[in-house]
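Enquirer: Just dropping this structure here.
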There are 2 protein chains.
Amino acid sequence: MKLYNVAYSGNSYKVRLLRAQVGIACDIVEIDILQGESRTPEFLKINPNGRTPVLDDNGFVLAESNAILAYLARGTKFLPEARKRWALVFQWMFFEQYSHEPYIAVARAWLHVFTGRQVEPDRLREKMEGGYRALDVMERHLADRRFFVAERYTIADIALYAYTHVAHEGDFHLGRYPHIRTWLARVASQSGHVPITQREFD
Amino acid sequence: MKLYNVAYSGNSYKVRLLRAQVGIACDIVEIDILQGESRTPEFLKINPNGRTPVLDDNGFVLAESNAILAYLARGTKFLPEARKRWALVFQWMFFEQYSHEPYIAVARAWLHVFTGRQVEPDRLREKMEGGYRALDVMERHLADRRFFVAERYTIADIALYAYTHVAHEGDFHLGRYPHIRTWLARVASQSGHVPITQREFD
């Protein structure tokens, strides 16, 4: 198995984290987005949408971080089988990609990754507002829950952890989110957890 | 079963379309976003994220259009069971929510739904460019395929059909996308198909 990976990307980190916890061996191919490596004709043959991460499972190519999580988690404890719990895991993963990542990950990218570029204040304000809206929804949900779905650690937690735990790099302050902070610590204490900064694989 | 629905919304239409094809009875509760009905305290109790559609299956509440599709399609021919095909359906549904809907649906909303408001030309240009990038990816994929996954009509097609078939309402021109146009006609010819304008249910 091969993962086209961006070291600092939360979307890539999701896959690395699940992979460590499921115990799947996987070669890492580092893609340098800043050098345009996700837009080369070669890479566009792998993913025509030009995005990372991409999984290559012995010739079967799969894009979209949360689809990769679902693929690797199917049949494991990280994706509950019972229909309603299963659907709620997907609900939160779609929430993450639509209402969370486009704000928190993008603000972080602007402020922490692509630091040389000019950021328009109006655009950044929008990202901050959208990010806090997502955090508000998470905080409320976690007020009386240990994890997002079924009181168990699932790929819904992995998907939401990826950019929430580095939200401060996008200037988000988690001070008024005690339940999120407790949940972040709970996720980080799960067996087999690896940090986003871990560069060594296998 | 009850669906909190927005008549003109492609995201709500996805659920109405699958529902018609699977043959599920479902009450429709119309939500008037323009009147703020998706942000009332009452609605936020149903979906704290304040978005539509939301399914209420006898007390089990599920948000996110594509998660609702997955929930209703599980165990039917609309969601293949084989692991790789299953994962590709989710890949395309995440593509739809991240790389397609935020451009094409938003441009359509600005130009066709919320028509009284000022649209910033720079923002609209971004939406158009992003939308055409998504259409390029779809056109390339459909060049030698009848449907998005496994040469079968699945919820990946339903998810992508919803806003693609009304993309012209966002000023997108499909003239240079012959494969998409053929696929749109193919989807519309599926048994049990209902148009987005259909206001009668059951």
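By convention in this document, the chains of the structure tokens carry letters A, B, ... by their order, each chain's residues are numbered from 1, and ligands are numbered from 1 in the order they are shown.
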Residues of chain A that have any atom at most 6 Å from an atom of chain B: could you tabulate them with the shortest-distance atom pair and the distance in Å to one decimal, using only C-alpha atoms, ordered by chain and increasing number, as JSON lines?
Expert:
{"residue": "A:Glu64", "atom": "CA", "partner": "B:Gln91", "partner_atom": "CA", "distance": 5.6}
{"residue": "A:Ala67", "atom": "CA", "partner": "B:Gln91", "partner_atom": "CA", "distance": 5.1}
{"residue": "A:Tyr71", "atom": "CA", "partner": "B:Ala87", "partner_atom": "CA", "distance": 5.5}
{"residue": "A:Ala87", "atom": "CA", "partner": "B:Tyr71", "partner_atom": "CA", "distance": 5.5}
{"residue": "A:Phe90", "atom": "CA", "partner": "B:Ala67", "partner_atom": "CA", "distance": 5.4}
{"residue": "A:Gln91", "atom": "CA", "partner": "B:Ala67", "partner_atom": "CA", "distance": 5.1}
Enquirer: Could you write out that same residue set with N, CA and C atoms as a PDB file, in the first residue's frame?
Expert:
ATOM      1  N   GLU A  64      -9.675  11.464  -1.607  1.00  0.00           N
ATOM      2  CA  GLU A  64     -10.562  12.011  -0.563  1.00  0.00           C
ATOM      3  C   GLU A  64     -10.253  11.347   0.783  1.00  0.00           C
ATOM      4  N   ALA A  67     -12.944   9.289   2.529  1.00  0.00           N
ATOM      5  CA  ALA A  67     -13.259   8.033   1.830  1.00  0.00           C
ATOM      6  C   ALA A  67     -12.161   7.003   2.098  1.00  0.00           C
ATOM      7  N   TYR A  71     -12.643   3.382   3.816  1.00  0.00           N
ATOM      8  CA  TYR A  71     -12.123   2.180   3.138  1.00  0.00           C
ATOM      9  C   TYR A  71     -11.265   1.350   4.094  1.00  0.00           C
ATOM     10  N   ALA A  87     -24.214   5.603   9.913  1.00  0.00           N
ATOM     11  CA  ALA A  87     -24.627   6.811   9.181  1.00  0.00           C
ATOM     12  C   ALA A  87     -24.149   8.074   9.898  1.00  0.00           C
ATOM     13  N   PHE A  90     -20.632   8.967   9.050  1.00  0.00           N
ATOM     14  CA  PHE A  90     -20.537   9.687   7.771  1.00  0.00           C
ATOM     15  C   PHE A  90     -21.070  11.109   7.909  1.00  0.00           C
ATOM     16  N   GLN A  91     -22.146  11.298   8.674  1.00  0.00           N
ATOM     17  CA  GLN A  91     -22.646  12.657   8.892  1.00  0.00           C
ATOM     18  C   GLN A  91     -21.522  13.571   9.396  1.00  0.00           C
TER      19      GLN A  91
END
Enquirer: Which residues are near B:Leu17? Cut-off 10 Å, only C-alpha atoms, ignore same chain within fewer than 6 positions. Put them as an MDAnalysis selection string.
Expert: chainID B and resid 23 69 155 158:159 162 192:196 198
Enquirer: Do you know which residues are at most 12 Å from B:Arg125 counting only C-alpha atoms, after dropping those on the same chain fewer than 4 positions away, and could you put them as a VMD selection string?
Expert: chain B and resid 103 to 104 106 to 107 119 to 121 129 to 132 170 to 172
Enquirer: Mind checking which residues fall within 7 Å of A:Tyr4, counting only C-alpha atoms, ignoring those fewer than 6 positions away in the same chain, and posting them as a ChimeraX atom specification?
Expert: /A:28-31,52-55
Enquirer: Go ahead and write the residues just picked, C-alpha atoms, as a compact mmCIF listing (two decimals), in the first residue's frame.
Expert:
# COMPACT_ATOMS: atom_id res chain seq x y z
CA ILE A 28 4.79 7.14 2.06
CA VAL A 29 5.33 9.21 -1.07
CA GLU A 30 5.81 12.83 -0.05
CA ILE A 31 4.16 15.40 -2.33
CA THR A 52 -3.86 14.83 -1.56
CA PRO A 53 -3.92 12.40 0.15
CA VAL A 54 -4.33 9.56 -2.33
CA LEU A 55 -4.12 5.89 -1.41
Enquirer: For the alpha helix (DSSP H) assignment from backbone DSSP, which residues of chain B qualify? Please present them as a ChimeraX atom specification.
Expert: /B:10-22,41-46,65-73,83-95,101-108,121-142,155-164,178-188
Enquirer: Need to verify the contact set: A:Asp27, 12 Å, only C-alpha atoms, exclusion of same-chain residues closer than 3 positions in sequence. Can you return it as a VMD selection string?
Expert: chain A and resid 1 to 5 16 19 24 30 54 to 58 200 to 202
Enquirer: Interatomic distance between atom CA of B:Arg123 and atom CA of B:His100?
Expert: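 So the answer is 15.5 Å.
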Enquirer: Go through B:Leu111, B:Ile33, B:Val187, B:Ile46 and flag the residue nearest B:Leu18, using only C-alpha atoms for the distances.
Expert: B:Val187
Enquirer: Out of B:Leu142, B:Ala20, B:Ala167, B:Leu174, which residue has the shortest atom-to-atom distance to B:Arg186 when counting only C-alpha atoms?
Expert: B:Leu142
Enquirer: Could you pull the residues within 9 Å of A:Thr154, counting only C-alpha atoms, minus those fewer than 3 positions along the same chain, as a PyMOL selection string?
Expert: chain A and resi 73+77-80+89+147-150+157-159
Enquirer: Selection from above, C-alpha atoms, as a PDB file, in the first residue's frame, can you write it?
Expert:
ATOM      1  CA  ALA A  73     -11.865   1.257   8.658  1.00  0.00           C
ATOM      2  CA  LYS A  77     -14.002  -1.152  15.331  1.00  0.00           C
ATOM      3  CA  PHE A  78     -13.242   2.296  13.904  1.00  0.00           C
ATOM      4  CA  LEU A  79     -16.409   2.195  11.753  1.00  0.00           C
ATOM      5  CA  PRO A  80     -19.441   0.837  13.626  1.00  0.00           C
ATOM      6  CA  VAL A  89     -20.017   8.578  11.373  1.00  0.00           C
ATOM      7  CA  PHE A 147     -16.729  10.781  21.361  1.00  0.00           C
ATOM      8  CA  PHE A 148     -18.716  11.966  18.348  1.00  0.00           C
ATOM      9  CA  VAL A 149     -20.645   8.744  17.731  1.00  0.00           C
ATOM     10  CA  ALA A 150     -21.812   5.912  19.956  1.00  0.00           C
ATOM     11  CA  ASP A 157     -13.175  11.494  15.733  1.00  0.00           C
ATOM     12  CA  ILE A 158     -10.079  11.010  13.578  1.00  0.00           C
ATOM     13  CA  ALA A 159     -11.516  13.188  10.800  1.00  0.00           C
TER      14      ALA A 159
END
Enquirer: Taking the DSSP assignment computed from this structure's backbone, write out as a PyMOL selection string all residues of stretch 45-157 of chain A that belong to strand (DSSP E or B).
Expert: chain A and resi 54-57+60-63+149+152
Enquirer: Restricting it to N, CA and C atoms, dump the selection as a short mmCIF file (atom, residue, chain, number, x, y, z; two decimals), in the first residue's frame.
Expert:
data_model
loop_
_atom_site.label_atom_id
_atom_site.label_comp_id
_atom_site.auth_asym_id
_atom_site.auth_seq_id
_atom_site.Cartn_x
_atom_site.Cartn_y
_atom_site.Cartn_z
N VAL A 54 -3.80 10.61 -1.45
CA VAL A 54 -4.33 9.56 -2.33
C VAL A 54 -3.73 8.24 -1.86
N LEU A 55 -4.58 7.22 -1.78
CA LEU A 55 -4.12 5.89 -1.41
C LEU A 55 -4.02 5.04 -2.67
N ASP A 56 -2.92 4.29 -2.77
CA ASP A 56 -2.80 3.31 -3.86
C ASP A 56 -2.65 1.94 -3.20
N ASP A 57 -3.74 1.16 -3.24
CA ASP A 57 -3.74 -0.16 -2.63
C ASP A 57 -3.54 -1.18 -3.73
N PHE A 60 -5.29 -0.13 -6.82
CA PHE A 60 -6.60 0.50 -6.60
C PHE A 60 -6.36 1.89 -6.00
N VAL A 61 -6.74 2.91 -6.75
CA VAL A 61 -6.42 4.29 -6.37
C VAL A 61 -7.65 4.97 -5.79
N LEU A 62 -7.49 5.54 -4.59
CA LEU A 62 -8.62 6.16 -3.90
C LEU A 62 -8.20 7.53 -3.37
N ALA A 63 -8.99 8.54 -3.70
CA ALA A 63 -8.76 9.91 -3.22
C ALA A 63 -9.80 10.26 -2.16
N VAL A 149 -19.58 9.71 18.03
CA VAL A 149 -20.64 8.74 17.73
C VAL A 149 -20.54 7.55 18.68
N ARG A 152 -17.85 5.87 21.28
CA ARG A 152 -16.66 5.08 20.91
C ARG A 152 -15.78 5.92 20.00
#
Enquirer: As a PDB file with N, CA and C atoms, in the first residue's frame, please: the residues near B:Val113 (cut-off 10 Å, only C-alpha atoms, same-chain neighbours under 2 positions excluded).
Expert:
ATOM      1  N   TYR B   8     -35.916  24.258  -3.627  1.00  0.00           N
ATOM      2  CA  TYR B   8     -35.004  24.555  -4.739  1.00  0.00           C
ATOM      3  C   TYR B   8     -33.594  24.007  -4.513  1.00  0.00           C
ATOM      4  N   SER B   9     -33.332  23.465  -3.323  1.00  0.00           N
ATOM      5  CA  SER B   9     -31.974  23.024  -2.978  1.00  0.00           C
ATOM      6  C   SER B   9     -31.628  21.687  -3.608  1.00  0.00           C
ATOM      7  N   LEU B  34     -34.781  31.611   3.425  1.00  0.00           N
ATOM      8  CA  LEU B  34     -34.808  33.067   3.251  1.00  0.00           C
ATOM      9  C   LEU B  34     -35.545  33.754   4.399  1.00  0.00           C
ATOM     10  N   VAL B 106     -23.148  27.270  -4.960  1.00  0.00           N
ATOM     11  CA  VAL B 106     -23.089  28.627  -4.411  1.00  0.00           C
ATOM     12  C   VAL B 106     -23.282  29.666  -5.521  1.00  0.00           C
ATOM     13  N   ALA B 107     -22.637  29.457  -6.675  1.00  0.00           N
ATOM     14  CA  ALA B 107     -22.847  30.377  -7.808  1.00  0.00           C
ATOM     15  C   ALA B 107     -24.321  30.383  -8.207  1.00  0.00           C
ATOM     16  N   ARG B 108     -24.918  29.210  -8.254  1.00  0.00           N
ATOM     17  CA  ARG B 108     -26.351  29.126  -8.588  1.00  0.00           C
ATOM     18  C   ARG B 108     -27.204  29.853  -7.540  1.00  0.00           C
ATOM     19  N   ALA B 109     -26.870  29.682  -6.279  1.00  0.00           N
ATOM     20  CA  ALA B 109     -27.638  30.359  -5.227  1.00  0.00           C
ATOM     21  C   ALA B 109     -27.532  31.873  -5.393  1.00  0.00           C
ATOM     22  N   TRP B 110     -26.326  32.357  -5.657  1.00  0.00           N
ATOM     23  CA  TRP B 110     -26.129  33.802  -5.805  1.00  0.00           C
ATOM     24  C   TRP B 110     -26.894  34.352  -7.009  1.00  0.00           C
ATOM     25  N   LEU B 111     -26.854  33.611  -8.123  1.00  0.00           N
ATOM     26  CA  LEU B 111     -27.405  34.147  -9.372  1.00  0.00           C
ATOM     27  C   LEU B 111     -28.878  33.805  -9.567  1.00  0.00           C
ATOM     28  N   THR B 115     -31.425  36.367  -5.373  1.00  0.00           N
ATOM     29  CA  THR B 115     -31.087  37.268  -6.483  1.00  0.00           C
ATOM     30  C   THR B 115     -31.078  38.741  -6.085  1.00  0.00           C
ATOM     31  N   GLY B 116     -31.608  39.076  -4.922  1.00  0.00           N
ATOM     32  CA  GLY B 116     -31.647  40.478  -4.539  1.00  0.00           C
ATOM     33  C   GLY B 116     -30.310  41.023  -4.041  1.00  0.00           C
ATOM     34  N   ARG B 117     -29.351  40.133  -3.763  1.00  0.00           N
ATOM     35  CA  ARG B 117     -28.117  40.582  -3.117  1.00  0.00           C
ATOM     36  C   ARG B 117     -27.018  40.917  -4.122  1.00  0.00           C
ATOM     37  N   GLU B 169     -28.109  27.385 -14.177  1.00  0.00           N
ATOM     38  CA  GLU B 169     -28.707  28.445 -13.351  1.00  0.00           C
ATOM     39  C   GLU B 169     -27.641  29.214 -12.571  1.00  0.00           C
ATOM     40  N   GLY B 170     -26.421  28.687 -12.571  1.00  0.00           N
ATOM     41  CA  GLY B 170     -25.278  29.399 -12.006  1.00  0.00           C
ATOM     42  C   GLY B 170     -24.382  29.934 -13.111  1.00  0.00           C
TER      43      GLY B 170
END
Enquirer: Could you tell me how far atom CA of B:Glu96 lies from atom CA of B:Asn11, in Å and to one decimal?
Expert: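 Interatomic distance, atom CA of B:Glu96 to atom CA of B:Asn11: 10.6 Å.
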